[in-house]
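Engineer: What follows is start-v3.cif, mmCIF, C-alpha atoms.
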data_protein
#
loop_
_atom_site.label_atom_id
_atom_site.label_comp_id
_atom_site.auth_asym_id
_atom_site.auth_seq_id
_atom_site.Cartn_x
_atom_site.Cartn_y
_atom_site.Cartn_z
CA MET V 46 25.76 -10.43 24.33
CA THR V 47 24.74 -7.65 21.89
CA ASN V 48 22.35 -8.66 19.12
CA THR V 49 24.08 -7.71 15.87
CA THR V 50 21.23 -8.72 13.53
CA GLU V 51 20.61 -6.09 10.87
CA THR V 52 17.29 -6.01 9.01
CA ILE V 53 16.64 -3.76 6.01
CA ILE V 54 13.05 -2.63 5.43
CA ASP V 55 12.01 -0.89 2.21
CA LEU V 56 8.65 0.86 2.32
CA MET V 57 6.85 1.40 -0.97
CA ARG V 58 3.67 3.36 -1.48
CA HIS V 59 1.30 2.20 -4.20
CA GLY V 60 1.14 4.14 -7.47
CA GLU V 61 -1.77 6.29 -8.57
CA PRO V 62 -5.11 4.43 -8.43
CA GLU V 63 -7.85 4.70 -11.01
CA GLY V 64 -9.71 7.97 -10.48
CA GLY V 65 -6.61 9.95 -9.51
CA ARG V 66 -5.99 11.72 -6.23
CA ALA V 67 -8.56 11.22 -3.47
CA TYR V 68 -8.78 10.14 0.15
CA ARG V 69 -8.87 6.35 0.01
CA GLY V 70 -8.94 4.57 3.30
CA HIS V 71 -9.49 0.87 3.84
CA ASN V 72 -13.12 1.12 2.69
CA ILE V 73 -12.13 1.92 -0.91
CA ASN V 74 -10.38 -0.72 -2.97
CA ASP V 75 -9.68 0.98 -6.31
CA PRO V 76 -7.16 -0.74 -8.59
CA LEU V 77 -4.01 0.89 -9.89
CA SER V 78 -4.33 3.00 -13.01
CA GLU V 79 -2.05 2.41 -15.98
CA LYS V 80 -0.02 5.39 -14.76
CA GLY V 81 0.14 3.87 -11.27
CA TRP V 82 1.52 0.58 -12.57
CA GLN V 83 4.17 2.47 -14.55
CA GLN V 84 5.14 4.56 -11.51
CA MET V 85 5.77 1.41 -9.50
CA TRP V 86 7.75 -0.40 -12.19
CA ASP V 87 9.81 2.76 -12.75
CA ALA V 88 10.54 2.94 -9.01
CA VAL V 89 11.96 -0.60 -8.80
CA GLY V 90 13.51 -0.77 -12.25
CA LYS V 91 14.95 -4.19 -13.01
CA GLU V 92 16.10 -4.82 -9.45
CA ALA V 93 14.60 -7.13 -6.82
CA PRO V 94 17.03 -7.29 -3.87
CA TRP V 95 14.41 -8.48 -1.35
CA ASP V 96 14.17 -11.74 0.55
CA GLN V 97 10.55 -11.19 1.57
CA ILE V 98 7.59 -9.10 0.41
CA VAL V 99 4.84 -8.01 2.80
CA THR V 100 1.78 -6.23 1.40
CA SER V 101 -1.43 -4.52 2.36
CA PRO V 102 -4.47 -6.59 1.35
CA LEU V 103 -5.90 -3.75 -0.75
CA GLN V 104 -5.50 -4.30 -4.48
CA ARG V 105 -3.67 -1.04 -5.20
CA CYS V 106 -0.79 -2.57 -3.21
CA ARG V 107 -1.38 -6.30 -3.44
CA ALA V 108 -1.58 -6.49 -7.24
CA PHE V 109 1.91 -5.06 -7.68
CA ALA V 110 3.33 -7.19 -4.86
CA GLU V 111 1.91 -10.29 -6.55
CA ALA V 112 3.40 -9.19 -9.88
CA LEU V 113 6.84 -9.01 -8.22
CA VAL V 114 6.27 -12.44 -6.70
CA GLU V 115 5.47 -13.92 -10.09
CA LEU V 116 8.37 -12.22 -11.85
CA TYR V 117 11.09 -12.87 -9.27
CA ASN V 118 9.75 -15.93 -7.41
CA LEU V 119 9.75 -14.15 -4.04
CA PRO V 120 7.78 -15.14 -0.93
CA CYS V 121 4.91 -12.81 -0.03
CA TYR V 122 2.84 -12.32 3.11
CA ILE V 123 -0.43 -10.32 3.21
CA GLU V 124 -0.61 -8.24 6.38
CA GLU V 125 -4.16 -7.12 7.14
CA ASN V 126 -2.97 -4.46 9.56
CA PHE V 127 -1.05 -2.66 6.79
CA LYS V 128 -4.32 -1.52 5.19
CA GLU V 129 -4.79 2.26 5.02
CA VAL V 130 -6.32 4.36 7.80
CA GLY V 131 -10.09 4.82 7.56
CA PHE V 132 -11.04 8.35 6.46
CA GLY V 133 -14.74 8.17 7.30
CA SER V 134 -16.77 10.87 5.52
CA TRP V 135 -13.73 11.88 3.45
CA GLU V 136 -13.50 8.50 1.72
CA GLY V 137 -13.48 8.88 -2.06
CA ARG V 138 -13.43 12.69 -1.97
CA THR V 139 -10.67 14.93 -3.31
CA PRO V 140 -8.90 17.57 -1.20
CA ASP V 141 -10.40 20.30 -3.39
CA GLU V 142 -13.91 18.97 -2.78
CA ILE V 143 -13.36 18.91 0.97
CA LYS V 144 -11.85 22.40 1.06
CA ALA V 145 -14.72 23.79 -1.03
CA ASP V 146 -17.28 22.19 1.28
CA ASN V 147 -15.65 23.00 4.64
CA LEU V 148 -12.26 24.71 4.58
CA LYS V 149 -12.08 24.95 8.37
CA GLU V 150 -12.58 21.19 8.78
CA TYR V 151 -9.77 20.55 6.29
CA GLU V 152 -7.36 22.98 7.96
CA ASP V 153 -8.21 21.74 11.46
CA PHE V 154 -7.36 18.20 10.35
CA TYR V 155 -3.89 19.20 9.20
CA HIS V 156 -3.23 21.28 12.31
CA ASP V 157 -4.36 18.49 14.65
CA PRO V 158 -5.09 15.17 12.93
CA VAL V 159 -5.30 13.39 16.28
CA ASN V 160 -8.30 15.32 17.63
CA CYS V 161 -9.85 16.74 14.44
CA ARG V 162 -10.82 13.61 12.53
CA PRO V 163 -13.32 13.44 9.65
CA ALA V 164 -16.69 12.12 10.78
CA GLY V 165 -16.52 8.34 11.16
CA ALA V 166 -12.75 8.20 10.63
CA GLU V 167 -10.53 5.65 12.32
CA ASP V 168 -8.93 6.90 15.53
CA LEU V 169 -5.40 8.00 14.60
CA ASN V 170 -3.70 6.62 17.70
CA ALA V 171 -5.44 3.26 17.20
CA PHE V 172 -4.29 3.23 13.55
CA ILE V 173 -0.69 4.02 14.52
CA THR V 174 -0.76 1.28 17.15
CA ARG V 175 -2.01 -1.41 14.75
CA VAL V 176 0.63 -0.44 12.17
CA ARG V 177 3.40 -0.31 14.79
CA ILE V 178 2.53 -3.76 16.11
CA ALA V 179 2.39 -5.21 12.58
CA TYR V 180 5.72 -3.58 11.71
CA ASN V 181 7.44 -4.87 14.87
CA ASN V 182 6.04 -8.36 14.24
CA THR V 183 7.31 -8.20 10.64
CA ILE V 184 10.89 -7.32 11.57
CA GLU V 185 10.87 -9.94 14.31
CA LYS V 186 9.54 -12.62 11.93
CA TYR V 187 11.97 -11.74 9.13
CA ALA V 188 14.95 -10.60 11.19
CA GLY V 189 18.17 -10.38 9.21
CA LYS V 190 16.39 -10.23 5.87
CA HIS V 191 15.77 -7.50 3.30
CA ILE V 192 12.03 -6.84 3.37
CA LEU V 193 9.79 -4.89 1.00
CA ILE V 194 6.54 -3.56 2.51
CA VAL V 195 4.04 -2.44 -0.16
CA ALA V 196 1.49 -0.25 1.55
CA HIS V 197 -0.11 3.20 1.72
CA ALA V 198 0.90 6.77 2.48
CA GLY V 199 -0.64 6.60 5.95
CA VAL V 200 0.92 3.26 6.79
CA ASN V 201 4.36 4.34 5.62
CA ARG V 202 4.03 7.62 7.54
CA ALA V 203 3.15 5.69 10.69
CA ILE V 204 6.19 3.40 10.29
CA ILE V 205 8.54 6.33 9.62
CA ALA V 206 7.11 8.26 12.57
CA HIS V 207 7.64 5.19 14.76
CA ALA V 208 11.22 4.86 13.54
CA LEU V 209 11.93 8.55 14.26
CA HIS V 210 9.93 8.73 17.52
CA THR V 211 7.74 11.44 15.98
CA ALA V 212 4.51 12.49 17.73
CA PRO V 213 1.21 11.55 15.99
CA ILE V 214 0.29 15.21 15.54
CA GLY V 215 3.10 15.51 12.98
CA LEU V 216 2.09 12.49 10.90
CA TYR V 217 0.78 14.46 7.92
CA ARG V 218 3.93 16.60 7.80
CA ILE V 219 5.60 13.59 6.14
CA LYS V 220 5.08 13.64 2.36
CA VAL V 221 4.92 10.21 0.75
CA ASN V 222 4.95 10.15 -3.04
CA ASN V 223 3.09 7.67 -5.22
CA ALA V 224 5.52 4.75 -5.70
CA GLY V 225 8.02 6.49 -3.43
CA LEU V 226 10.49 4.18 -1.67
CA SER V 227 11.91 4.69 1.81
CA ARG V 228 14.50 2.54 3.56
CA ILE V 229 14.86 1.78 7.26
CA LYS V 230 17.67 -0.18 8.88
CA ASN V 231 16.82 -1.99 12.09
CA ASP V 232 19.63 -3.17 14.36
CA HIS V 233 20.47 -3.39 18.06
CA LEU V 234 20.26 0.41 18.30
CA GLY V 235 16.74 0.52 16.87
CA ASN V 236 15.39 1.95 13.61
CA HIS V 237 17.28 4.34 11.33
CA LEU V 238 15.73 6.10 8.31
CA LEU V 239 18.28 5.88 5.49
CA TYR V 240 16.31 7.11 2.44
CA HIS V 241 12.91 8.64 1.73
CA ASN V 242 10.85 9.17 -1.46
CA VAL V 243 13.41 7.75 -3.86
CA GLN V 244 13.65 5.04 -6.53
CA LEU V 245 15.45 1.79 -5.87
CA ALA V 246 18.42 2.77 -8.03
CA ASP V 247 19.05 5.74 -5.73
CA MET V 248 19.54 3.39 -2.75
CA THR V 249 22.24 1.22 -4.31
#
Rewrite the structure from the file as C-alpha coordinates, please.

Structural biologist:
Amino acid sequence: MTNTTETIIDLMRHGEPEGGRAYRGHNINDPLSEKGWQQMWDAVGKEAPWDQIVTSPLQRCRAFAEALVELYNLPCYIEENFKEVGFGSWEGRTPDEIKADNLKEYEDFYHDPVNCRPAGAEDLNAFITRVRIAYNNTIEKYAGKHILIVAHAGVNRAIIAHALHTAPIGLYRIKVNNAGLSRIKNDHLGNHLLYHNVQLADMT
(Lines of atoms letter the chains of each structure in order from A and count residues from 1; the text may use other names and numbers.)
(Lines give C-alpha, C1' and ligand atoms only; values in the text may rest on other atoms or scores of the structure.)
Protein backbone atom coordinates (compact mmCIF):
# COMPACT_ATOMS: atom_id res chain seq x y z
CA MET A 1 0.00 0.00 0.00
CA THR A 2 1.34 3.47 -0.96
CA ASN A 3 2.32 5.73 1.94
CA THR A 4 0.30 8.92 1.47
CA THR A 5 1.80 10.83 4.43
CA GLU A 6 2.68 14.40 3.49
CA THR A 7 5.14 16.37 5.61
CA ILE A 8 5.81 20.09 5.11
CA ILE A 9 9.26 21.39 6.06
CA ASP A 10 10.00 25.11 6.24
CA LEU A 11 13.68 26.03 6.33
CA MET A 12 14.61 29.38 7.87
CA ARG A 13 18.05 30.92 7.92
CA HIS A 14 18.96 33.07 10.91
CA GLY A 15 18.99 36.86 10.53
CA GLU A 16 22.11 39.00 10.51
CA PRO A 17 24.36 38.35 13.53
CA GLU A 18 26.19 41.01 15.48
CA GLY A 19 29.25 42.07 13.50
CA GLY A 20 27.56 41.80 10.11
CA ARG A 21 28.57 39.55 7.25
CA ALA A 22 31.38 37.06 7.90
CA TYR A 23 32.10 33.35 7.64
CA ARG A 24 30.66 31.87 10.82
CA GLY A 25 30.90 28.15 11.17
CA HIS A 26 30.07 26.13 14.26
CA ASN A 27 33.06 27.57 16.14
CA ILE A 28 31.55 31.07 16.26
CA ASN A 29 28.43 31.67 18.31
CA ASP A 30 27.59 35.33 17.75
CA PRO A 31 24.09 36.46 18.76
CA LEU A 32 21.61 38.07 16.42
CA SER A 33 21.90 41.80 15.91
CA GLU A 34 18.87 44.05 16.35
CA LYS A 35 18.58 44.05 12.56
CA GLY A 36 18.76 40.24 12.52
CA TRP A 37 15.91 39.90 15.01
CA GLN A 38 13.80 42.28 12.92
CA GLN A 39 14.56 40.35 9.72
CA MET A 40 13.30 37.15 11.30
CA TRP A 41 10.14 38.64 12.77
CA ASP A 42 9.41 40.33 9.43
CA ALA A 43 9.83 36.97 7.66
CA VAL A 44 7.25 35.16 9.81
CA GLY A 45 4.90 38.07 10.42
CA LYS A 46 2.09 37.18 12.79
CA GLU A 47 1.77 33.61 11.55
CA ALA A 48 2.88 30.38 13.23
CA PRO A 49 1.47 27.46 11.21
CA TRP A 50 3.97 24.89 12.54
CA ASP A 51 3.41 21.81 14.65
CA GLN A 52 7.09 21.42 15.54
CA ILE A 53 10.21 23.59 15.61
CA VAL A 54 13.69 22.13 15.18
CA THR A 55 16.71 24.39 15.64
CA SER A 56 20.46 24.52 15.41
CA PRO A 57 22.07 24.78 18.86
CA LEU A 58 23.88 28.01 17.93
CA GLN A 59 22.33 31.09 19.48
CA ARG A 60 21.80 32.99 16.21
CA CYS A 61 19.19 30.31 15.44
CA ARG A 62 18.19 28.98 18.83
CA ALA A 63 17.28 32.34 20.38
CA PHE A 64 14.65 33.06 17.74
CA ALA A 65 13.31 29.50 17.85
CA GLU A 66 12.90 29.81 21.62
CA ALA A 67 11.14 33.16 21.17
CA LEU A 68 8.62 31.46 18.85
CA VAL A 69 8.18 28.68 21.39
CA GLU A 70 7.40 31.17 24.14
CA LEU A 71 5.05 33.24 22.01
CA TYR A 72 3.08 30.43 20.38
CA ASN A 73 3.55 27.55 22.86
CA LEU A 74 5.15 25.27 20.25
CA PRO A 75 7.31 22.21 20.90
CA CYS A 76 10.99 22.62 20.03
CA TYR A 77 13.84 20.17 19.52
CA ILE A 78 17.53 21.20 19.38
CA GLU A 79 19.34 19.24 16.67
CA GLU A 80 23.11 19.32 17.16
CA ASN A 81 23.75 18.18 13.60
CA PHE A 82 22.03 21.28 12.19
CA LYS A 83 24.93 23.48 13.33
CA GLU A 84 26.79 25.28 10.53
CA VAL A 85 29.69 23.80 8.57
CA GLY A 86 33.13 24.51 10.04
CA PHE A 87 35.05 27.09 7.98
CA GLY A 88 38.47 26.55 9.56
CA SER A 89 40.85 29.47 8.92
CA TRP A 90 38.02 31.52 7.39
CA GLU A 91 36.04 31.62 10.63
CA GLY A 92 35.17 35.19 11.61
CA ARG A 93 36.64 36.72 8.45
CA THR A 94 34.73 38.66 5.81
CA PRO A 95 34.76 37.74 2.11
CA ASP A 96 36.57 41.00 1.33
CA GLU A 97 39.31 40.17 3.83
CA ILE A 98 39.79 36.72 2.34
CA LYS A 99 39.85 38.01 -1.24
CA ALA A 100 42.37 40.71 -0.32
CA ASP A 101 44.61 38.15 1.39
CA ASN A 102 44.38 35.35 -1.19
CA LEU A 103 42.05 35.85 -4.14
CA LYS A 104 42.99 32.52 -5.72
CA GLU A 105 42.06 30.59 -2.57
CA TYR A 106 38.68 32.34 -2.49
CA GLU A 107 37.95 31.67 -6.18
CA ASP A 108 39.14 28.06 -5.97
CA PHE A 109 36.71 27.49 -3.10
CA TYR A 110 33.73 28.66 -5.13
CA HIS A 111 34.79 26.69 -8.21
CA ASP A 112 35.31 23.49 -6.22
CA PRO A 113 34.20 23.69 -2.58
CA VAL A 114 34.58 19.92 -2.18
CA ASN A 115 38.33 19.78 -2.82
CA CYS A 116 39.41 23.38 -2.16
CA ARG A 117 38.53 23.84 1.51
CA PRO A 118 39.91 26.56 3.80
CA ALA A 119 42.66 25.25 6.06
CA GLY A 120 41.12 23.28 8.93
CA ALA A 121 37.61 23.41 7.47
CA GLU A 122 35.11 20.61 7.92
CA ASP A 123 35.03 18.12 5.06
CA LEU A 124 32.11 19.14 2.84
CA ASN A 125 30.89 15.62 2.11
CA ALA A 126 30.97 14.79 5.83
CA PHE A 127 28.98 17.96 6.57
CA ILE A 128 26.37 17.14 3.92
CA THR A 129 26.06 13.60 5.28
CA ARG A 130 25.47 14.73 8.87
CA VAL A 131 22.84 17.24 7.75
CA ARG A 132 21.14 14.72 5.45
CA ILE A 133 20.91 12.13 8.22
CA ALA A 134 19.53 14.70 10.67
CA TYR A 135 17.00 15.91 8.09
CA ASN A 136 15.82 12.38 7.26
CA ASN A 137 15.52 11.58 10.97
CA THR A 138 13.51 14.78 11.48
CA ILE A 139 10.95 14.03 8.78
CA GLU A 140 10.66 10.45 9.98
CA LYS A 141 10.15 11.56 13.60
CA TYR A 142 7.61 14.25 12.72
CA ALA A 143 5.98 12.64 9.70
CA GLY A 144 2.71 14.26 8.69
CA LYS A 145 3.45 17.48 10.56
CA HIS A 146 4.38 21.01 9.50
CA ILE A 147 7.96 21.53 10.68
CA LEU A 148 10.08 24.68 10.95
CA ILE A 149 13.85 24.15 10.86
CA VAL A 150 15.79 27.23 12.02
CA ALA A 151 19.35 26.83 10.84
CA HIS A 152 22.15 28.28 8.72
CA ALA A 153 22.87 29.03 5.07
CA GLY A 154 25.08 25.96 4.74
CA VAL A 155 22.61 23.65 6.45
CA ASN A 156 19.70 24.89 4.36
CA ARG A 157 21.78 24.59 1.18
CA ALA A 158 22.63 20.99 2.09
CA ILE A 159 18.96 20.13 2.67
CA ILE A 160 17.85 21.80 -0.57
CA ALA A 161 20.65 20.08 -2.51
CA HIS A 162 19.55 16.75 -1.00
CA ALA A 163 15.95 17.42 -1.99
CA LEU A 164 16.96 18.29 -5.57
CA HIS A 165 19.66 15.59 -5.90
CA THR A 166 22.24 18.31 -6.56
CA ALA A 167 25.96 17.44 -6.51
CA PRO A 168 28.04 18.88 -3.62
CA ILE A 169 30.17 20.91 -6.02
CA GLY A 170 27.13 23.12 -6.68
CA LEU A 171 26.28 23.79 -3.04
CA TYR A 172 27.43 27.42 -3.01
CA ARG A 173 25.46 28.19 -6.17
CA ILE A 174 22.37 28.27 -3.94
CA LYS A 175 21.85 31.73 -2.44
CA VAL A 176 20.22 31.73 1.00
CA ASN A 177 19.16 35.12 2.33
CA ASN A 178 19.26 36.18 5.97
CA ALA A 179 15.84 35.17 7.39
CA GLY A 180 14.92 33.66 4.02
CA LEU A 181 12.30 30.89 4.15
CA SER A 182 12.17 27.86 1.88
CA ARG A 183 9.51 25.15 1.82
CA ILE A 184 9.87 21.47 1.00
CA LYS A 185 7.06 18.95 0.73
CA ASN A 186 7.95 15.35 1.49
CA ASP A 187 5.61 12.58 0.37
CA HIS A 188 5.76 9.08 -1.12
CA LEU A 189 7.50 10.50 -4.20
CA GLY A 190 10.26 12.12 -2.16
CA ASN A 191 11.15 15.78 -1.58
CA HIS A 192 9.82 18.69 -3.62
CA LEU A 193 11.08 22.29 -3.29
CA LEU A 194 8.00 24.53 -3.33
CA TYR A 195 9.41 27.96 -2.37
CA HIS A 196 12.82 29.53 -1.78
CA ASN A 197 14.00 32.80 -0.16
CA VAL A 198 10.55 34.15 0.63
CA GLN A 199 8.57 35.38 3.64
CA LEU A 200 5.89 33.26 5.23
CA ALA A 201 3.08 35.38 3.79
CA ASP A 202 4.30 34.52 0.29
CA MET A 203 3.73 30.80 0.94
CA THR A 204 0.10 31.06 1.99

Engineer: Check what the PyMOL selection byres ((chain V and resi 173) around 9) selects in the file above and give those residues as a ChimeraX atom specification.

Structural biologist: /V:130,168-172,174-178,199-200,203-204,207,213

Engineer: Excluding same-chain residues fewer than 3 positions from region 239-249 of chain V, what lies within 8 Å of it counting only C-alpha atoms, as a ChimeraX atom specification?

Structural biologist: /V:87-90,92,221-222,225-230

Engineer: Create the file for the chosen residues now, containing C-alpha atoms and written as a PDB file, keeping the file's coordinate frame.

Structural biologist:
ATOM      1  CA  ASP V  87       9.810   2.760 -12.750  1.00  0.00           C
ATOM      2  CA  ALA V  88      10.540   2.940  -9.010  1.00  0.00           C
ATOM      3  CA  VAL V  89      11.960  -0.600  -8.800  1.00  0.00           C
ATOM      4  CA  GLY V  90      13.510  -0.770 -12.250  1.00  0.00           C
ATOM      5  CA  GLU V  92      16.100  -4.820  -9.450  1.00  0.00           C
ATOM      6  CA  VAL V 221       4.920  10.210   0.750  1.00  0.00           C
ATOM      7  CA  ASN V 222       4.950  10.150  -3.040  1.00  0.00           C
ATOM      8  CA  GLY V 225       8.020   6.490  -3.430  1.00  0.00           C
ATOM      9  CA  LEU V 226      10.490   4.180  -1.670  1.00  0.00           C
ATOM     10  CA  SER V 227      11.910   4.690   1.810  1.00  0.00           C
ATOM     11  CA  ARG V 228      14.500   2.540   3.560  1.00  0.00           C
ATOM     12  CA  ILE V 229      14.860   1.780   7.260  1.00  0.00           C
ATOM     13  CA  LYS V 230      17.670  -0.180   8.880  1.00  0.00           C
TER      14      LYS V 230
END

Engineer: Translate the PyMOL selection byres ((chain V and resi 84) around 8) into a concrete residue list for this structure, as a PDB file with C-alpha atoms, keeping the file's coordinate frame.

Structural biologist:
ATOM      1  CA  GLY V  60       1.140   4.140  -7.470  1.00  0.00           C
ATOM      2  CA  GLU V  61      -1.770   6.290  -8.570  1.00  0.00           C
ATOM      3  CA  LYS V  80      -0.020   5.390 -14.760  1.00  0.00           C
ATOM      4  CA  GLY V  81       0.140   3.870 -11.270  1.00  0.00           C
ATOM      5  CA  TRP V  82       1.520   0.580 -12.570  1.00  0.00           C
ATOM      6  CA  GLN V  83       4.170   2.470 -14.550  1.00  0.00           C
ATOM      7  CA  MET V  85       5.770   1.410  -9.500  1.00  0.00           C
ATOM      8  CA  TRP V  86       7.750  -0.400 -12.190  1.00  0.00           C
ATOM      9  CA  ASP V  87       9.810   2.760 -12.750  1.00  0.00           C
ATOM     10  CA  ALA V  88      10.540   2.940  -9.010  1.00  0.00           C
ATOM     11  CA  ASN V 223       3.090   7.670  -5.220  1.00  0.00           C
ATOM     12  CA  ALA V 224       5.520   4.750  -5.700  1.00  0.00           C
TER      13      ALA V 224
END

Engineer: Write out as a PyMOL selection string the residues lying within 12 Å of Glu124 (chain V), counting all atoms listed in the file and excluding same-chain residues fewer than 5 positions away.

Structural biologist: chain V and resi 98-103+106-107+110+129+175-176+178-180+182-183+194-196+200

Engineer: Let me make sure I understand: among V:Ile214, V:Leu119, V:Thr52, V:His191, which one has the smallest atom-to-atom distance to Cys161 (chain V) if we use only C-alpha atoms?

Structural biologist: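 Of V:Ile214, V:Leu119, V:Thr52, V:His191, the one nearest Cys161 (chain V), counting only C-alpha atoms, is V:Ile214.
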
Engineer: Restricting the calculation to all atoms listed in the file: of V:Phe109, V:Met57, V:Leu216, V:Leu116, which residue gets closest to Leu77 (chain V)?

Structural biologist: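 Residue with the minimum atom-to-atom distance to Leu77 (chain V): V:Phe109.
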
Engineer: Please give the centre and size of the box around region 134-145 of chain V (axis-aligned, containing every atom listed in the file, 8 Å added per side), with values in Å to one decimal and written as AutoDock Vina command-line options.

Structural biologist:
--center_x -12.8 --center_y 16.1 --center_z 1.1 --size_x 23.9 --size_y 31.3 --size_z 24.9

Engineer: Evaluate the PyMOL selection byres ((chain V and resi 50) around 12) and record the selected residues as number ranges by chain, following the chain and residue labels used in the document.

Structural biologist: V: 46-49, 51-53, 184-185, 187-191, 230-235

Engineer: Using only C-alpha atoms, which residue out of V:Gly70, V:Pro76, V:Pro62, V:Gly215 lies closest to Gly165 (chain V)?

Structural biologist: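 Using only C-alpha atoms, Gly165 (chain V) sits closest to V:Gly70.
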
Engineer: Using all atoms listed in the file, which protein or nucleic acid residues come within 8 Å of region 138-140 of chain V? Drop anything in the same chain fewer than 5 positions from it, and give the result as a list in words.

Structural biologist: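 With the cut-off at 8 Å, the set is Arg66, Ala67 and Tyr68 of chain V.
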
Engineer: Write the selection just made, keeping C-alpha atoms, as a PDB file, keeping the file's coordinate frame?

Structural biologist:
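What landed in again.pdb:
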ATOM      1  CA  ARG V  66      -5.990  11.720  -6.230  1.00  0.00           C
ATOM      2  CA  ALA V  67      -8.560  11.220  -3.470  1.00  0.00           C
ATOM      3  CA  TYR V  68      -8.780  10.140   0.150  1.00  0.00           C
TER       4      TYR V  68
END

Engineer: Between CA of Ser134 (chain V) and CA of Thr211 (chain V), what is the distance, to one decimal in Å?

Structural biologist: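 Computed distance, CA of Ser134 (chain V) to CA of Thr211 (chain V), equals 26.7 Å.
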